[in-house]
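Engineer: Below are the structure tokens for one structure; questions will follow.
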Amino acid sequence: MAEELKKLIGRVHSVEGGKGVEGLNYEDLCIHPDVKLPEGYKPPKFKMFDGTSDPKLHLRTYYDKLVGVGNNEQIHMKLFMQSLKGDALSWYISQNSKKWSNWISMASDFVDRFRFNTENVLGIFYNQNLKKKPTKTFCEYATLWRSEAAKVRPALEEE
């Protein structure tokens with residue numbers, strides 16, 4: 001009889017959407033479950049980071065959007081996920097959020113993970129290989145060329 005009762009309780013829990021299942025509660029899944037947003041605060045629409053651009057640039061644009069929440073780093077951390085998509089969001093979700101005790105530790109991990117986007121800068125010969133595609137106008141090609149040329153970093157001179 002006790003065994004049947006346990007089975008029934010288990011079925012009820014699964015029907016109720018996992019209540020009581022370890023790791024699926026709000027407190028388990030949320031970075032800062034006790035953080036409350038200021039009354040009436042509506043999170044801004046963030047520019048989304050997909051893992052393919054400069055992570056420091058993303059952090060700067062993210063921070064600039066946080067007008068209205070002050071210097072509360074827990075709120076900054078809580079809202080950060082809303083600015084990620086694709087591989088960046090997958091990386092973020094796979095992390096143990098409890099290891100991030102403050103904004104600096106989280107932002108440092110973020111920058112470290114996506115640092116390769118800024119380390120592989122273009123060399124001075126990159127633009128020589130850019131070709132105008134037949135489907136593009138010369139004006140479009142020139143705009144692309146200038147945009148790519150702005151990304152080129154000169155090689156460091158050896159002393």
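Ligands are numbered from 1 in the order shown, chains are lettered A, B, ... in the order of the structure tokens, and residues start at 1 in each chain.
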Determine, counting only C-alpha atoms, which protein, DNA and RNA residues have an atom within 8 Å of an atom of A:Trp103; residues of the same chain fewer than 4 positions away are not included. Present the result as a VMD selection string.
Structural biologist: chain A and resid 73 to 74 76 to 77 107
Engineer: Considering only helix (DSSP H, G or I) as DSSP defines it on the backbone, what residues of stretch 52-86 of chain A qualify? List them as a list of chain:residue names.
Structural biologist: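 Checking each residue of stretch 52-86 of chain A, the helix (DSSP H, G or I) ones are A:Pro55, A:Lys56, A:Leu57, A:His58, A:Leu59, A:Arg60, A:Thr61, A:Tyr62, A:Tyr63, A:Asp64, A:Glu73, A:Gln74, A:Ile75, A:His76, A:Met77, A:Lys78, A:Leu79, A:Phe80, A:Met81, A:Gln82, A:Ser83, A:Gly86.
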Engineer: Near A:Asn72, counting only C-alpha atoms, which residues have an atom at most 12 Å away, once you skip same-chain residues fewer than 2 positions from it, shown as a JSON list (two decimals) with all heavy atoms, in the first residue's frame?
Structural biologist:
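part38.json, written as the output of this step:
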```json
[["chain", "number", "residue", "atom", "x", "y", "z"],
["A", 32, "HIS", "N", 19.58, 35.09, -9.33],
["A", 32, "HIS", "CA", 19.31, 35.82, -8.09],
["A", 32, "HIS", "C", 17.80, 35.80, -7.84],
["A", 32, "HIS", "O", 17.11, 36.78, -8.12],
["A", 32, "HIS", "CB", 19.82, 37.26, -8.19],
["A", 32, "HIS", "CG", 21.30, 37.36, -8.26],
["A", 32, "HIS", "ND1", 22.11, 37.12, -7.17],
["A", 32, "HIS", "CD2", 22.13, 37.63, -9.27],
["A", 32, "HIS", "CE1", 23.36, 37.27, -7.52],
["A", 32, "HIS", "NE2", 23.41, 37.56, -8.79],
["A", 35, "VAL", "N", 16.20, 38.79, -5.89],
["A", 35, "VAL", "CA", 16.34, 40.16, -6.40],
["A", 35, "VAL", "C", 15.02, 40.60, -7.02],
["A", 35, "VAL", "O", 14.45, 39.92, -7.86],
["A", 35, "VAL", "CB", 17.47, 40.26, -7.45],
["A", 35, "VAL", "CG1", 17.50, 41.63, -8.09],
["A", 35, "VAL", "CG2", 18.80, 39.94, -6.81],
["A", 36, "LYS", "N", 14.56, 41.74, -6.59],
["A", 36, "LYS", "CA", 13.32, 42.31, -7.12],
["A", 36, "LYS", "C", 13.66, 43.55, -7.92],
["A", 36, "LYS", "O", 14.49, 44.37, -7.51],
["A", 36, "LYS", "CB", 12.37, 42.71, -5.98],
["A", 36, "LYS", "CG", 12.05, 41.58, -5.01],
["A", 36, "LYS", "CD", 11.14, 40.56, -5.64],
["A", 36, "LYS", "CE", 10.72, 39.53, -4.62],
["A", 36, "LYS", "NZ", 11.01, 38.18, -4.98],
["A", 37, "LEU", "N", 13.03, 43.69, -9.08],
["A", 37, "LEU", "CA", 13.22, 44.89, -9.89],
["A", 37, "LEU", "C", 12.43, 46.03, -9.27],
["A", 37, "LEU", "O", 11.39, 45.81, -8.63],
["A", 37, "LEU", "CB", 12.76, 44.63, -11.32],
["A", 37, "LEU", "CG", 13.58, 43.60, -12.09],
["A", 37, "LEU", "CD1", 12.93, 43.30, -13.44],
["A", 37, "LEU", "CD2", 15.00, 44.07, -12.28],
["A", 38, "PRO", "N", 12.91, 47.27, -9.45],
["A", 38, "PRO", "CA", 12.17, 48.41, -8.90],
["A", 38, "PRO", "C", 10.74, 48.45, -9.43],
["A", 38, "PRO", "O", 10.48, 48.07, -10.57],
["A", 38, "PRO", "CB", 12.96, 49.63, -9.40],
["A", 38, "PRO", "CG", 14.33, 49.10, -9.71],
["A", 38, "PRO", "CD", 14.13, 47.68, -10.12],
["A", 63, "TYR", "N", 25.42, 47.76, -20.52],
["A", 63, "TYR", "CA", 25.44, 48.62, -19.34],
["A", 63, "TYR", "C", 24.78, 49.97, -19.61],
["A", 63, "TYR", "O", 24.09, 50.53, -18.75],
["A", 63, "TYR", "CB", 26.89, 48.83, -18.87],
["A", 63, "TYR", "CG", 27.11, 48.37, -17.46],
["A", 63, "TYR", "CD1", 27.21, 47.02, -17.16],
["A", 63, "TYR", "CD2", 27.20, 49.27, -16.42],
["A", 63, "TYR", "CE1", 27.41, 46.59, -15.86],
["A", 63, "TYR", "CE2", 27.40, 48.85, -15.12],
["A", 63, "TYR", "CZ", 27.50, 47.51, -14.85],
["A", 63, "TYR", "OH", 27.69, 47.09, -13.56],
["A", 66, "LEU", "N", 21.07, 50.12, -18.97],
["A", 66, "LEU", "CA", 20.56, 49.86, -17.62],
["A", 66, "LEU", "C", 20.25, 51.12, -16.82],
["A", 66, "LEU", "O", 20.28, 51.09, -15.59],
["A", 66, "LEU", "CB", 21.53, 48.97, -16.85],
["A", 66, "LEU", "CG", 21.62, 47.54, -17.38],
["A", 66, "LEU", "CD1", 22.68, 46.76, -16.62],
["A", 66, "LEU", "CD2", 20.28, 46.84, -17.29],
["A", 67, "VAL", "N", 19.93, 52.17, -17.49],
["A", 67, "VAL", "CA", 19.54, 53.40, -16.80],
["A", 67, "VAL", "C", 18.26, 53.11, -16.02],
["A", 67, "VAL", "O", 17.34, 52.48, -16.52],
["A", 67, "VAL", "CB", 19.28, 54.53, -17.84],
["A", 67, "VAL", "CG1", 18.76, 55.77, -17.16],
["A", 67, "VAL", "CG2", 20.55, 54.80, -18.62],
["A", 68, "GLY", "N", 18.23, 53.49, -14.79],
["A", 68, "GLY", "CA", 17.02, 53.30, -13.99],
["A", 68, "GLY", "C", 17.16, 52.24, -12.91],
["A", 68, "GLY", "O", 16.33, 52.19, -12.00],
["A", 69, "VAL", "N", 18.19, 51.41, -12.99],
["A", 69, "VAL", "CA", 18.36, 50.40, -11.93],
["A", 69, "VAL", "C", 19.55, 50.73, -11.04],
["A", 69, "VAL", "O", 19.85, 49.99, -10.11],
["A", 69, "VAL", "CB", 18.51, 48.97, -12.50],
["A", 69, "VAL", "CG1", 17.24, 48.53, -13.15],
["A", 69, "VAL", "CG2", 19.68, 48.84, -13.43],
["A", 70, "GLY", "N", 20.22, 51.82, -11.33],
["A", 70, "GLY", "CA", 21.32, 52.25, -10.48],
["A", 70, "GLY", "C", 22.51, 51.31, -10.55],
["A", 70, "GLY", "O", 22.77, 50.70, -11.56],
["A", 74, "GLN", "N", 23.38, 42.96, -8.77],
["A", 74, "GLN", "CA", 22.54, 41.76, -8.82],
["A", 74, "GLN", "C", 21.47, 41.90, -9.90],
["A", 74, "GLN", "O", 21.16, 40.94, -10.60],
["A", 74, "GLN", "CB", 21.93, 41.47, -7.46],
["A", 74, "GLN", "CG", 22.96, 40.98, -6.46],
["A", 74, "GLN", "CD", 22.32, 40.61, -5.13],
["A", 74, "GLN", "OE1", 21.33, 41.19, -4.72],
["A", 74, "GLN", "NE2", 22.91, 39.64, -4.47],
["A", 75, "ILE", "N", 20.92, 43.10, -10.03],
["A", 75, "ILE", "CA", 19.93, 43.32, -11.10],
["A", 75, "ILE", "C", 20.63, 43.26, -12.45],
["A", 75, "ILE", "O", 20.11, 42.68, -13.41],
["A", 75, "ILE", "CB", 19.20, 44.67, -10.90],
["A", 75, "ILE", "CG1", 18.29, 44.59, -9.67],
["A", 75, "ILE", "CG2", 18.37, 45.01, -12.15],
["A", 75, "ILE", "CD1", 17.57, 45.87, -9.33],
["A", 76, "HIS", "N", 21.83, 43.82, -12.55],
["A", 76, "HIS", "CA", 22.59, 43.76, -13.80],
["A", 76, "HIS", "C", 22.81, 42.31, -14.20],
["A", 76, "HIS", "O", 22.67, 41.94, -15.37],
["A", 76, "HIS", "CB", 23.93, 44.46, -13.65],
["A", 76, "HIS", "CG", 23.81, 45.91, -13.34],
["A", 76, "HIS", "ND1", 24.88, 46.68, -12.97],
["A", 76, "HIS", "CD2", 22.75, 46.76, -13.31],
["A", 76, "HIS", "CE1", 24.50, 47.91, -12.75],
["A", 76, "HIS", "NE2", 23.20, 47.98, -12.94],
["A", 77, "MET", "N", 23.16, 41.47, -13.23],
["A", 77, "MET", "CA", 23.40, 40.06, -13.50],
["A", 77, "MET", "C", 22.10, 39.34, -13.87],
["A", 77, "MET", "O", 22.08, 38.50, -14.77],
["A", 77, "MET", "CB", 24.04, 39.39, -12.28],
["A", 77, "MET", "CG", 25.45, 39.88, -12.02],
["A", 77, "MET", "SD", 26.13, 39.32, -10.44],
["A", 77, "MET", "CE", 26.35, 37.57, -10.78],
["A", 78, "LYS", "N", 21.03, 39.69, -13.19],
["A", 78, "LYS", "CA", 19.74, 39.04, -13.45],
["A", 78, "LYS", "C", 19.24, 39.33, -14.86],
["A", 78, "LYS", "O", 18.70, 38.45, -15.52],
["A", 78, "LYS", "CB", 18.72, 39.50, -12.41],
["A", 78, "LYS", "CG", 17.38, 38.79, -12.50],
["A", 78, "LYS", "CD", 16.50, 39.24, -11.37],
["A", 78, "LYS", "CE", 15.20, 38.50, -11.33],
["A", 78, "LYS", "NZ", 15.30, 37.17, -10.77],
["A", 79, "LEU", "N", 19.44, 40.54, -15.34],
["A", 79, "LEU", "CA", 18.94, 40.94, -16.66],
["A", 79, "LEU", "C", 19.87, 40.55, -17.81],
["A", 79, "LEU", "O", 19.46, 40.55, -18.96],
["A", 79, "LEU", "CB", 18.71, 42.46, -16.71],
["A", 79, "LEU", "CG", 17.62, 42.99, -15.80],
["A", 79, "LEU", "CD1", 17.58, 44.51, -15.87],
["A", 79, "LEU", "CD2", 16.27, 42.40, -16.17],
["A", 102, "ASN", "N", 29.61, 38.06, -8.04],
["A", 102, "ASN", "CA", 29.40, 39.47, -8.37],
["A", 102, "ASN", "C", 29.48, 39.68, -9.87],
["A", 102, "ASN", "O", 29.79, 38.76, -10.63],
["A", 102, "ASN", "CB", 30.43, 40.36, -7.63],
["A", 102, "ASN", "CG", 31.86, 39.97, -7.95],
["A", 102, "ASN", "OD1", 32.19, 39.63, -9.08],
["A", 102, "ASN", "ND2", 32.71, 39.99, -6.95],
["A", 103, "TRP", "N", 29.18, 40.91, -10.30],
["A", 103, "TRP", "CA", 29.15, 41.24, -11.72],
["A", 103, "TRP", "C", 30.52, 41.02, -12.37],
["A", 103, "TRP", "O", 30.61, 40.48, -13.47],
["A", 103, "TRP", "CB", 28.70, 42.69, -11.91],
["A", 103, "TRP", "CG", 28.90, 43.15, -13.31],
["A", 103, "TRP", "CD1", 29.92, 43.91, -13.79],
["A", 103, "TRP", "CD2", 28.07, 42.85, -14.44],
["A", 103, "TRP", "NE1", 29.78, 44.10, -15.13],
["A", 103, "TRP", "CE2", 28.65, 43.47, -15.56],
["A", 103, "TRP", "CE3", 26.90, 42.13, -14.61],
["A", 103, "TRP", "CZ2", 28.10, 43.38, -16.83],
["A", 103, "TRP", "CZ3", 26.35, 42.04, -15.88],
["A", 103, "TRP", "CH2", 26.95, 42.66, -16.97]]
```
Engineer: To one decimal in Å, tell me the separation between atom CA of A:Phe114 and atom CA of A:Phe46.
Structural biologist: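 These two atoms are separated by 18.3 Å.
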Engineer: I need the residue nearest A:Lys47 from this list: A:Asp34, A:Lys6, A:Gln82, A:Leu144. Use only C-alpha atoms for the distance.
Structural biologist: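 Ranked by minimum distance to A:Lys47, first place goes to A:Gln82.
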Engineer: Counting only C-alpha atoms, what is within 7 Å of stretch 111-113 of chain A, bar same-chain residues fewer than 2 positions away, as a list of chain:residue names?
Structural biologist: A:Pro55, A:Lys56, A:Ala107, A:Ser108, A:Asp109, A:Arg115
Engineer: Store the residues picked out above in a file with all heavy atoms, as a CSV table (one decimal), in the first residue's frame.
Structural biologist:
```
chain,number,residue,atom,x,y,z
A,55,PRO,N,33.0,40.9,-27.1
A,55,PRO,CA,32.2,40.8,-25.9
A,55,PRO,C,32.3,42.1,-25.0
A,55,PRO,O,31.3,42.4,-24.3
A,55,PRO,CB,32.9,39.6,-25.2
A,55,PRO,CG,34.2,39.5,-25.8
A,55,PRO,CD,34.1,40.0,-27.2
A,56,LYS,N,33.4,42.8,-25.1
A,56,LYS,CA,33.6,44.0,-24.3
A,56,LYS,C,32.6,45.1,-24.8
A,56,LYS,O,32.0,45.9,-24.1
A,56,LYS,CB,35.0,44.5,-24.3
A,56,LYS,CG,35.9,43.7,-23.4
A,56,LYS,CD,37.3,44.3,-23.3
A,56,LYS,CE,38.2,43.5,-22.5
A,56,LYS,NZ,39.6,44.1,-22.4
A,107,ALA,N,31.1,38.9,-15.7
A,107,ALA,CA,31.6,39.6,-16.9
A,107,ALA,C,33.0,39.1,-17.3
A,107,ALA,O,33.2,39.0,-18.5
A,107,ALA,CB,31.6,41.1,-16.6
A,108,SER,N,33.8,38.8,-16.4
A,108,SER,CA,35.1,38.2,-16.7
A,108,SER,C,35.0,36.9,-17.4
A,108,SER,O,35.7,36.6,-18.4
A,108,SER,CB,36.0,38.1,-15.5
A,108,SER,OG,36.3,39.3,-14.9
A,109,ASP,N,34.2,36.0,-16.9
A,109,ASP,CA,34.0,34.7,-17.6
A,109,ASP,C,33.4,34.9,-19.0
A,109,ASP,O,33.8,34.2,-19.9
A,109,ASP,CB,33.0,33.9,-16.8
A,109,ASP,CG,33.6,33.2,-15.6
A,109,ASP,OD1,34.9,33.3,-15.4
A,109,ASP,OD2,32.9,32.5,-14.8
A,115,ARG,N,36.6,35.9,-26.0
A,115,ARG,CA,37.8,36.7,-26.3
A,115,ARG,C,38.3,36.4,-27.7
A,115,ARG,O,38.8,37.3,-28.4
A,115,ARG,CB,38.9,36.3,-25.3
A,115,ARG,CG,40.2,37.1,-25.5
A,115,ARG,CD,41.2,36.7,-24.5
A,115,ARG,NE,40.7,36.7,-23.1
A,115,ARG,CZ,40.6,37.8,-22.4
A,115,ARG,NH1,40.9,39.0,-22.8
A,115,ARG,NH2,40.2,37.7,-21.1
```
Engineer: Would you pick out the contacts of A:Gln95 at 12 Å or less, using only C-alpha atoms, so that residues sharing its chain but fewer than 2 positions from it are not included, and give the list as an NGL selection string?
Structural biologist: :A and (29-31 or 81 or 88-93 or 97-100 or 106 or 109-110 or 113)
Engineer: I'd like the interatomic distance between atom CA of A:Leu57 and atom CA of A:Thr118, to a tenth of an Å.
Structural biologist: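 Value for the atom CA of A:Leu57-atom CA of A:Thr118 distance: 10.3 Å.
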Engineer: Just to confirm, what's the straight-line distance from atom CA of A:Ala149 to atom CA of A:Tyr62 in Å (one decimal)?
Structural biologist: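 That distance, rounded to one decimal, is 26.3 Å.
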Engineer: Please determine, counting only C-alpha atoms, which residue among A:Glu4, A:Glu39, A:Asp50, A:Asp64 has the shortest atom-to-atom distance to A:Asp87.
Structural biologist: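 Residue with the minimum atom-to-atom distance to A:Asp87: A:Asp50.
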